[in-house]
$ cat start08.cif   # mmCIF, C-alpha atoms
data_model
loop_
_atom_site.group_PDB
_atom_site.id
_atom_site.type_symbol
_atom_site.label_atom_id
_atom_site.label_comp_id
_atom_site.auth_asym_id
_atom_site.auth_seq_id
_atom_site.Cartn_x
_atom_site.Cartn_y
_atom_site.Cartn_z
ATOM 1 C CA ARG A 1 113.336 98.054 -13.886
ATOM 2 C CA ARG A 2 112.869 101.538 -12.443
ATOM 3 C CA SER A 3 109.740 100.378 -10.693
ATOM 4 C CA SER A 4 111.648 97.468 -9.139
ATOM 5 C CA HIS A 5 114.364 99.852 -7.954
ATOM 6 C CA TYR A 6 111.797 102.068 -6.276
ATOM 7 C CA CYS A 7 110.174 99.065 -4.549
ATOM 8 C CA THR A 8 113.548 97.892 -3.267
ATOM 9 C CA SER A 9 114.411 101.366 -2.002
ATOM 10 C CA GLY A 10 111.046 101.677 -0.293
ATOM 11 C CA SER A 11 111.489 98.335 1.438
ATOM 12 C CA GLU A 12 114.971 99.305 2.558
ATOM 13 C CA LEU A 13 113.672 102.592 3.925
ATOM 14 C CA HIS A 14 110.902 100.794 5.792
ATOM 15 C CA ARG A 15 113.434 98.387 7.341
ATOM 16 C CA ILE A 16 115.715 101.253 8.357
ATOM 17 C CA ARG A 17 112.753 103.096 9.885
ATOM 18 C CA ARG A 18 111.711 100.083 11.938
ATOM 19 C CA SER A 19 115.274 99.533 13.118
ATOM 20 C CA THR A 20 115.550 103.169 14.070
ATOM 21 C CA LEU A 21 112.275 103.051 15.990
ATOM 22 C CA ARG A 22 113.353 99.909 17.889
ATOM 23 C CA HIS A 23 116.660 101.574 18.726
ATOM 24 C CA LEU A 24 114.917 104.702 19.968
ATOM 25 C CA SER A 25 112.454 102.609 21.933
ATOM 26 C CA ARG A 26 115.291 100.765 23.669
ATOM 27 C CA ARG A 27 117.032 104.036 24.459
ATOM 28 C CA HIS A 28 113.824 105.449 25.931
ATOM 29 C CA SER A 29 113.246 102.276 27.962
ATOM 30 C CA MET A 30 116.816 102.315 29.309
ATOM 31 C CA ARG A 31 116.487 105.990 30.160
ATOM 32 C CA ALA A 32 113.199 105.347 31.963
ATOM 33 C CA VAL A 33 114.783 102.557 33.992
ATOM 34 C CA LEU A 34 117.710 104.788 34.963
ATOM 35 C CA VAL A 35 115.322 107.565 35.975
ATOM 36 C CA LEU A 36 113.282 105.157 38.138
ATOM 37 C CA LEU A 37 116.431 103.815 39.823
ATOM 38 C CA ALA A 38 117.595 107.345 40.540
ATOM 39 C CA LEU A 39 114.208 108.258 42.030
ATOM 40 C CA ALA A 40 114.185 105.087 44.147
ATOM 41 C CA GLY A 41 117.653 105.875 45.484
ATOM 42 C CA ALA A 42 116.642 109.410 46.325
ATOM 43 C CA ALA A 43 113.491 108.236 48.083
ATOM 44 C CA GLN A 44 115.488 105.676 50.058
ATOM 45 C CA ALA A 45 117.625 108.478 51.465
ATOM 46 C CA PHE A 46 114.559 109.860 53.273
ATOM 47 C CA VAL A 47 113.549 106.523 54.786
ATOM 48 C CA ALA A 48 114.785 105.852 58.301
ATOM 49 C CA PRO A 49 116.974 102.780 58.500
ATOM 50 C CA ALA A 50 115.200 99.753 59.933
ATOM 51 C CA ALA A 51 115.942 99.245 63.577
ATOM 52 C CA ARG A 52 117.911 96.129 64.313
ATOM 53 C CA SER A 53 116.006 93.638 66.394
ATOM 54 C CA ALA A 54 117.420 93.595 69.902
ATOM 55 C CA PRO A 55 118.541 90.198 71.202
ATOM 56 C CA LYS A 56 115.948 88.529 73.368
ATOM 57 C CA VAL A 57 116.735 88.758 77.044
ATOM 58 C CA VAL A 58 115.259 86.063 79.244
ATOM 59 C CA ALA A 59 113.635 87.680 82.262
ATOM 60 C CA PRO A 60 114.776 86.244 85.570
ATOM 61 C CA ALA A 61 112.281 83.909 87.187
ATOM 62 C CA VAL A 62 110.888 84.638 90.622
ATOM 63 C CA PHE A 63 112.516 81.420 91.859
ATOM 64 C CA ASP A 64 116.070 82.404 90.922
ATOM 65 C CA ASP A 65 116.828 83.939 94.322
ATOM 66 C CA TYR A 66 115.529 80.973 96.316
ATOM 67 C CA VAL A 67 116.697 77.467 97.034
ATOM 68 C CA GLY A 68 114.394 74.471 97.252
ATOM 69 C CA GLY A 69 113.810 73.570 93.607
ATOM 70 C CA GLN A 70 116.741 71.173 93.450
ATOM 71 C CA GLY A 71 115.774 67.603 92.635
ATOM 72 C CA ALA A 72 117.647 64.412 93.393
ATOM 73 C CA PHE A 73 117.162 62.744 90.002
ATOM 74 C CA VAL A 74 115.977 65.547 87.715
ATOM 75 C CA LYS A 75 116.937 69.114 86.975
ATOM 76 C CA ASP A 76 115.700 71.965 89.118
ATOM 77 C CA TYR A 77 111.924 71.895 89.323
ATOM 78 C CA ASN A 78 109.845 74.644 90.888
ATOM 79 C CA PHE A 79 106.469 73.243 91.911
ATOM 80 C CA ASP A 80 103.864 75.969 91.507
ATOM 81 C CA PRO A 81 100.860 74.439 89.684
ATOM 82 C CA LEU A 82 98.587 77.417 90.421
ATOM 83 C CA GLY A 83 101.177 79.944 89.272
ATOM 84 C CA LEU A 84 100.910 81.935 92.510
ATOM 85 C CA ALA A 85 104.525 83.073 92.375
ATOM 86 C CA GLU A 86 104.181 84.387 88.823
ATOM 87 C CA LYS A 87 100.870 86.103 89.560
ATOM 88 C CA ALA A 88 102.128 87.874 92.682
ATOM 89 C CA PRO A 89 105.951 87.967 92.661
ATOM 90 C CA GLU A 90 105.951 90.585 95.415
ATOM 91 C CA MET A 91 104.438 87.977 97.758
ATOM 92 C CA VAL A 92 107.077 85.300 97.082
ATOM 93 C CA PRO A 93 109.161 86.234 100.179
ATOM 94 C CA TRP A 94 106.080 85.771 102.340
ATOM 95 C CA TYR A 95 105.207 82.480 100.639
ATOM 96 C CA ARG A 96 108.694 81.227 101.463
ATOM 97 C CA GLU A 97 108.320 82.470 105.052
ATOM 98 C CA CYS A 98 105.096 80.478 105.394
ATOM 99 C CA GLU A 99 106.625 77.365 103.857
ATOM 100 C CA ILE A 100 109.611 77.445 106.206
ATOM 101 C CA LYS A 101 107.432 78.077 109.272
ATOM 102 C CA HIS A 102 104.960 75.310 108.455
ATOM 103 C CA GLY A 103 107.812 72.935 107.728
ATOM 104 C CA ARG A 104 109.452 73.678 111.085
ATOM 105 C CA ILE A 105 106.162 73.259 112.973
ATOM 106 C CA ALA A 106 105.478 69.993 111.129
ATOM 107 C CA MET A 107 108.916 68.626 112.043
ATOM 108 C CA LEU A 108 108.263 69.419 115.718
ATOM 109 C CA ALA A 109 104.755 67.945 115.427
ATOM 110 C CA VAL A 110 106.082 64.641 114.065
ATOM 111 C CA VAL A 111 108.484 64.327 116.990
ATOM 112 C CA GLY A 112 105.814 65.348 119.496
ATOM 113 C CA PHE A 113 103.159 63.066 118.042
ATOM 114 C CA ILE A 114 105.420 60.023 118.374
ATOM 115 C CA THR A 115 106.857 61.048 121.772
ATOM 116 C CA ALA A 116 103.376 61.384 123.264
ATOM 117 C CA GLU A 117 102.845 57.678 122.630
ATOM 118 C CA TYR A 118 105.490 56.868 125.242
ATOM 119 C CA VAL A 119 105.918 59.932 127.456
ATOM 120 C CA ARG A 120 103.098 61.798 129.210
ATOM 121 C CA ILE A 121 103.136 64.820 131.452
ATOM 122 C CA PRO A 122 101.820 64.239 134.984
ATOM 123 C CA GLY A 123 98.080 64.347 135.584
ATOM 124 C CA ASP A 124 95.243 61.872 135.403
ATOM 125 C CA MET A 125 93.685 63.817 132.551
ATOM 126 C CA TYR A 126 96.493 62.819 130.210
ATOM 127 C CA GLN A 127 96.770 59.133 131.055
ATOM 128 C CA GLY A 128 95.170 56.020 129.553
ATOM 129 C CA MET A 129 94.269 57.420 126.128
ATOM 130 C CA SER A 130 95.722 57.651 122.653
ATOM 131 C CA VAL A 131 97.171 60.846 121.256
ATOM 132 C CA VAL A 132 94.063 61.477 119.158
ATOM 133 C CA GLU A 133 91.813 60.882 122.185
ATOM 134 C CA ALA A 134 94.047 63.196 124.239
ATOM 135 C CA HIS A 135 93.503 65.932 121.666
ATOM 136 C CA ASN A 136 89.735 65.578 121.991
ATOM 137 C CA ALA A 137 89.972 65.493 125.802
ATOM 138 C CA LEU A 138 92.051 68.681 125.860
ATOM 139 C CA LEU A 139 89.446 70.378 123.694
ATOM 140 C CA LYS A 140 86.674 69.232 126.040
ATOM 141 C CA ASN A 141 88.427 70.239 129.266
ATOM 142 C CA GLY A 142 89.893 73.537 128.096
ATOM 143 C CA PRO A 143 93.724 73.318 127.983
ATOM 144 C CA MET A 144 93.742 73.297 124.174
ATOM 145 C CA TYR A 145 92.037 76.710 124.141
ATOM 146 C CA GLN A 146 94.759 78.105 126.382
ATOM 147 C CA LEU A 147 97.371 76.827 123.972
ATOM 148 C CA LEU A 148 95.450 78.384 121.091
ATOM 149 C CA PHE A 149 95.281 81.746 122.879
ATOM 150 C CA TRP A 150 98.979 81.972 123.792
ATOM 151 C CA ILE A 151 100.227 80.643 120.487
ATOM 152 C CA GLY A 152 97.905 83.073 118.704
ATOM 153 C CA MET A 153 99.267 85.977 120.743
ATOM 154 C CA PHE A 154 102.826 84.941 119.934
ATOM 155 C CA GLU A 155 101.940 84.767 116.243
ATOM 156 C CA LEU A 156 100.446 88.278 116.302
ATOM 157 C CA ILE A 157 103.438 89.755 118.094
ATOM 158 C CA VAL A 158 106.072 88.014 115.971
ATOM 159 C CA THR A 159 104.421 87.394 112.601
ATOM 160 C CA ILE A 160 103.255 90.912 111.740
ATOM 161 C CA PRO A 161 106.662 92.593 112.271
ATOM 162 C CA ALA A 162 108.343 89.669 110.480
ATOM 163 C CA PHE A 163 105.982 90.090 107.524
ATOM 164 C CA VAL A 164 106.685 93.828 107.272
ATOM 165 C CA ALA A 165 110.446 93.333 107.556
ATOM 166 C CA THR A 166 110.431 90.531 104.982
ATOM 167 C CA GLN A 167 108.412 92.525 102.465
ATOM 168 C CA ASN A 168 110.746 95.504 102.931
ATOM 169 C CA GLY A 169 113.764 93.313 102.274
ATOM 170 C CA GLU A 170 115.125 93.839 105.791
ATOM 171 C CA ARG A 171 115.309 90.139 106.626
ATOM 172 C CA ALA A 172 115.479 86.885 104.728
ATOM 173 C CA PRO A 173 112.369 84.673 104.879
ATOM 174 C CA GLY A 174 112.451 82.457 107.958
ATOM 175 C CA ASP A 175 115.483 84.181 109.447
ATOM 176 C CA PHE A 176 115.043 84.703 113.207
ATOM 177 C CA ASN A 177 118.809 84.743 113.790
ATOM 178 C CA PHE A 178 118.383 81.667 115.952
ATOM 179 C CA GLY A 179 121.100 79.022 116.022
ATOM 180 C CA MET A 180 123.250 80.853 113.489
ATOM 181 C CA GLY A 181 126.305 79.935 115.545
ATOM 182 C CA PHE A 182 125.949 76.416 114.132
ATOM 183 C CA ALA A 183 125.521 77.599 110.541
ATOM 184 C CA PRO A 184 128.380 76.843 108.117
ATOM 185 C CA LYS A 185 130.502 79.809 107.101
ATOM 186 C CA ASP A 186 130.908 78.519 103.566
ATOM 187 C CA PRO A 187 128.020 79.890 101.400
ATOM 188 C CA GLU A 188 127.696 76.642 99.432
ATOM 189 C CA LYS A 189 127.470 74.535 102.587
ATOM 190 C CA PHE A 190 124.996 76.988 104.071
ATOM 191 C CA LYS A 191 122.881 76.656 100.917
ATOM 192 C CA LEU A 192 122.863 72.867 101.370
ATOM 193 C CA LYS A 193 121.609 73.342 104.938
ATOM 194 C CA GLN A 194 118.800 75.548 103.666
ATOM 195 C CA ILE A 195 117.813 72.942 101.082
ATOM 196 C CA ALA A 196 117.884 70.210 103.730
ATOM 197 C CA GLU A 197 115.625 72.213 106.038
ATOM 198 C CA LEU A 198 113.131 72.882 103.275
ATOM 199 C CA LYS A 199 112.994 69.273 102.109
ATOM 200 C CA ASN A 200 112.734 67.871 105.621
ATOM 201 C CA GLY A 201 109.980 70.369 106.368
ATOM 202 C CA ARG A 202 108.046 69.408 103.240
ATOM 203 C CA LEU A 203 108.405 65.736 104.088
ATOM 204 C CA ALA A 204 107.274 66.411 107.662
ATOM 205 C CA MET A 205 104.134 68.219 106.471
ATOM 206 C CA LEU A 206 103.167 65.244 104.344
ATOM 207 C CA GLY A 207 104.268 62.743 106.981
ATOM 208 C CA PHE A 208 102.346 64.351 109.828
ATOM 209 C CA SER A 209 99.189 64.447 107.721
ATOM 210 C CA GLY A 210 99.582 60.720 107.027
ATOM 211 C CA MET A 211 100.302 59.896 110.670
ATOM 212 C CA VAL A 212 97.188 61.665 111.925
ATOM 213 C CA THR A 213 95.026 60.141 109.192
ATOM 214 C CA GLN A 214 96.290 56.618 109.878
ATOM 215 C CA SER A 215 95.933 57.071 113.636
ATOM 216 C CA VAL A 216 92.295 58.118 113.292
ATOM 217 C CA LEU A 217 91.406 55.422 110.756
ATOM 218 C CA SER A 218 93.217 52.538 112.459
ATOM 219 C CA GLY A 219 92.695 53.565 116.070
ATOM 220 C CA HIS A 220 96.286 52.533 116.776
ATOM 221 C CA GLY A 221 99.316 54.503 117.849
ATOM 222 C CA PHE A 222 102.814 54.410 116.416
ATOM 223 C CA PRO A 223 103.553 53.049 113.808
ATOM 224 C CA TYR A 224 99.904 53.803 112.876
ATOM 225 C CA VAL A 225 99.115 50.602 111.011
ATOM 226 C CA TYR A 226 96.169 48.227 111.235
#

$ encode --input "start08.cif" --output "structure tokens"
Amino acid sequence: RRSSHYCTSGSELHRIRRSTLRHLSRRHSMRAVLVLLALAGAAQAFVAPAARSAPKVVAPAVFDDYVGGQGAFVKDYNFDPLGLAEKAPEMVPWYRECEIKHGRIAMLAVVGFITAEYVRIPGDMYQGMSVVEAHNALLKNGPMYQLLFWIGMFELIVTIPAFVATQNGERAPGDFNFGMGFAPKDPEKFKLKQIAELKNGRLAMLGFSGMVTQSVLSGHGFPYVY
């Protein structure tokens, strides 16, 4: 009976010891967790706060200051397949100057090309031939070279100062202050006039190319069909 009492007491002591060890282990684990949390908080105090990401700002396009991208049936569309404007934005004013000038010359050329079919200046040299044949005759006899010389001189005198002034922002592309008395005072109406000039000029450049091509291929004058 005494032996049984000792065995029971030993078992009870063993159970109490294990319970005590588990309790101590839990206390140590909880203390370790608290210590780690405290260290993490202290370390966080020395870490610079993460910078907030700035909102994305869309950079203005090189076309924003220019008219001419307005479409009749679609949204604004800026035709630049070679990306010249994006590659050299500082040259965009000069590109617009060239576009306006070529458009104006093409519009005059369309009118002159058709008018020459019915009206000729005096002189036997200019009679009895088509417009294309007249061009070749003027090259052969010399007047075309005179035109080339004087027009070239005018271009040198006017174009170089215009280029410098345009690049310096002293004048708007294509602005020769000619005929401004007829320009609308309302900015929106003036913008519509600018768009109309650009679109008519673009159409004239394409149209004149087609007129000359058809005239050469068909051998006929206006309306340049077979």

$ closest_residue --input "start08.cif" --among "A:Ala196, A:Ile157, A:Ala162, A:Leu108" --to "Gly71 of chain A" --atoms "all atoms listed in the file"
A:Ala196

$ residues_around --input "start08.cif" --residues "Pro93 of chain A" --least-positions-apart "5" --cutoff "9 Å" --atoms "only C-alpha atoms" --output "number ranges by chain"
A: 98, 163, 166-167, 169, 172-173

$ closest_residue --input "start08.cif" --among "A:Glu99, A:Lys191, A:Tyr224, A:Asp186" --to "Ala204 of chain A" --atoms "only C-alpha atoms"
A:Glu99

$ residues_near_point --input "start08.cif" --point "(108.9, 77.7, 113.9)" --cutoff "12 Å" --atoms "all atoms listed in the file" --output "ChimeraX atom specification"
/A:97-109,151,154-155,158-159,173-176,178,197,201

$ write_last_selection --input "start08.cif" --atoms "C-alpha atoms" --output "PDB file, keeping the file's coordinate frame"
ATOM      1  CA  GLU A  97     108.320  82.470 105.052  1.00  0.00           C
ATOM      2  CA  CYS A  98     105.096  80.478 105.394  1.00  0.00           C
ATOM      3  CA  GLU A  99     106.625  77.365 103.857  1.00  0.00           C
ATOM      4  CA  ILE A 100     109.611  77.445 106.206  1.00  0.00           C
ATOM      5  CA  LYS A 101     107.432  78.077 109.272  1.00  0.00           C
ATOM      6  CA  HIS A 102     104.960  75.310 108.455  1.00  0.00           C
ATOM      7  CA  GLY A 103     107.812  72.935 107.728  1.00  0.00           C
ATOM      8  CA  ARG A 104     109.452  73.678 111.085  1.00  0.00           C
ATOM      9  CA  ILE A 105     106.162  73.259 112.973  1.00  0.00           C
ATOM     10  CA  ALA A 106     105.478  69.993 111.129  1.00  0.00           C
ATOM     11  CA  MET A 107     108.916  68.626 112.043  1.00  0.00           C
ATOM     12  CA  LEU A 108     108.263  69.419 115.718  1.00  0.00           C
ATOM     13  CA  ALA A 109     104.755  67.945 115.427  1.00  0.00           C
ATOM     14  CA  ILE A 151     100.227  80.643 120.487  1.00  0.00           C
ATOM     15  CA  PHE A 154     102.826  84.941 119.934  1.00  0.00           C
ATOM     16  CA  GLU A 155     101.940  84.767 116.243  1.00  0.00           C
ATOM     17  CA  VAL A 158     106.072  88.014 115.971  1.00  0.00           C
ATOM     18  CA  THR A 159     104.421  87.394 112.601  1.00  0.00           C
ATOM     19  CA  PRO A 173     112.369  84.673 104.879  1.00  0.00           C
ATOM     20  CA  GLY A 174     112.451  82.457 107.958  1.00  0.00           C
ATOM     21  CA  ASP A 175     115.483  84.181 109.447  1.00  0.00           C
ATOM     22  CA  PHE A 176     115.043  84.703 113.207  1.00  0.00           C
ATOM     23  CA  PHE A 178     118.383  81.667 115.952  1.00  0.00           C
ATOM     24  CA  GLU A 197     115.625  72.213 106.038  1.00  0.00           C
ATOM     25  CA  GLY A 201     109.980  70.369 106.368  1.00  0.00           C
TER      26      GLY A 201
END

$ atom_distance --input "start08.cif" --atom1 "atom CA of Tyr226 of chain A" --atom2 "atom CA of Val132 of chain A"
15.6 Å

$ atom_distance --input "start08.cif" --atom1 "atom CA of Leu148 of chain A" --atom2 "atom CA of Met91 of chain A"
26.8 Å

$ closest_residue --input "start08.cif" --among "A:Gln194, A:Asn141, A:Ser209, A:Gln214" --to "Gln70 of chain A" --atoms "only C-alpha atoms"
A:Gln194

$ atom_distance --input "start08.cif" --atom1 "atom CA of Tyr145 of chain A" --atom2 "atom CA of Trp94 of chain A"
27.5 Å

$ closest_residue --input "start08.cif" --among "A:Pro161, A:Val131, A:Ser215, A:Ile195" --to "Ala116 of chain A" --atoms "all atoms listed in the file"
A:Val131

$ closest_residue --input "start08.cif" --among "A:Met180, A:Pro143, A:Val92, A:Glu133" --to "Val216 of chain A" --atoms "all atoms listed in the file"
A:Glu133

$ resolve_selection --input "start08.cif" --expression "the PyMOL selection byres ((chain A and resi 63) around 10)" --output "short mmCIF file (atom, residue, chain, number, x, y, z; two decimals) with C-alpha atoms, keeping the file's coordinate frame"
data_model
loop_
_atom_site.label_atom_id
_atom_site.label_comp_id
_atom_site.auth_asym_id
_atom_site.auth_seq_id
_atom_site.Cartn_x
_atom_site.Cartn_y
_atom_site.Cartn_z
CA PRO A 60 114.78 86.24 85.57
CA ALA A 61 112.28 83.91 87.19
CA VAL A 62 110.89 84.64 90.62
CA ASP A 64 116.07 82.40 90.92
CA ASP A 65 116.83 83.94 94.32
CA TYR A 66 115.53 80.97 96.32
CA VAL A 67 116.70 77.47 97.03
CA GLY A 68 114.39 74.47 97.25
CA GLY A 69 113.81 73.57 93.61
CA TYR A 77 111.92 71.90 89.32
CA ASN A 78 109.84 74.64 90.89
CA ALA A 85 104.52 83.07 92.38
CA GLU A 86 104.18 84.39 88.82
CA PRO A 89 105.95 87.97 92.66
CA VAL A 92 107.08 85.30 97.08
#

$ axis_aligned_box --input "start08.cif" --around "segment 115-133 of chain A" --padding-each-side "5 Å" --output "lines of an AutoDock Vina configuration file"
center_x = 99.3
center_y = 60.4
center_z = 127.4
size_x = 25.0
size_y = 18.8
size_z = 26.4
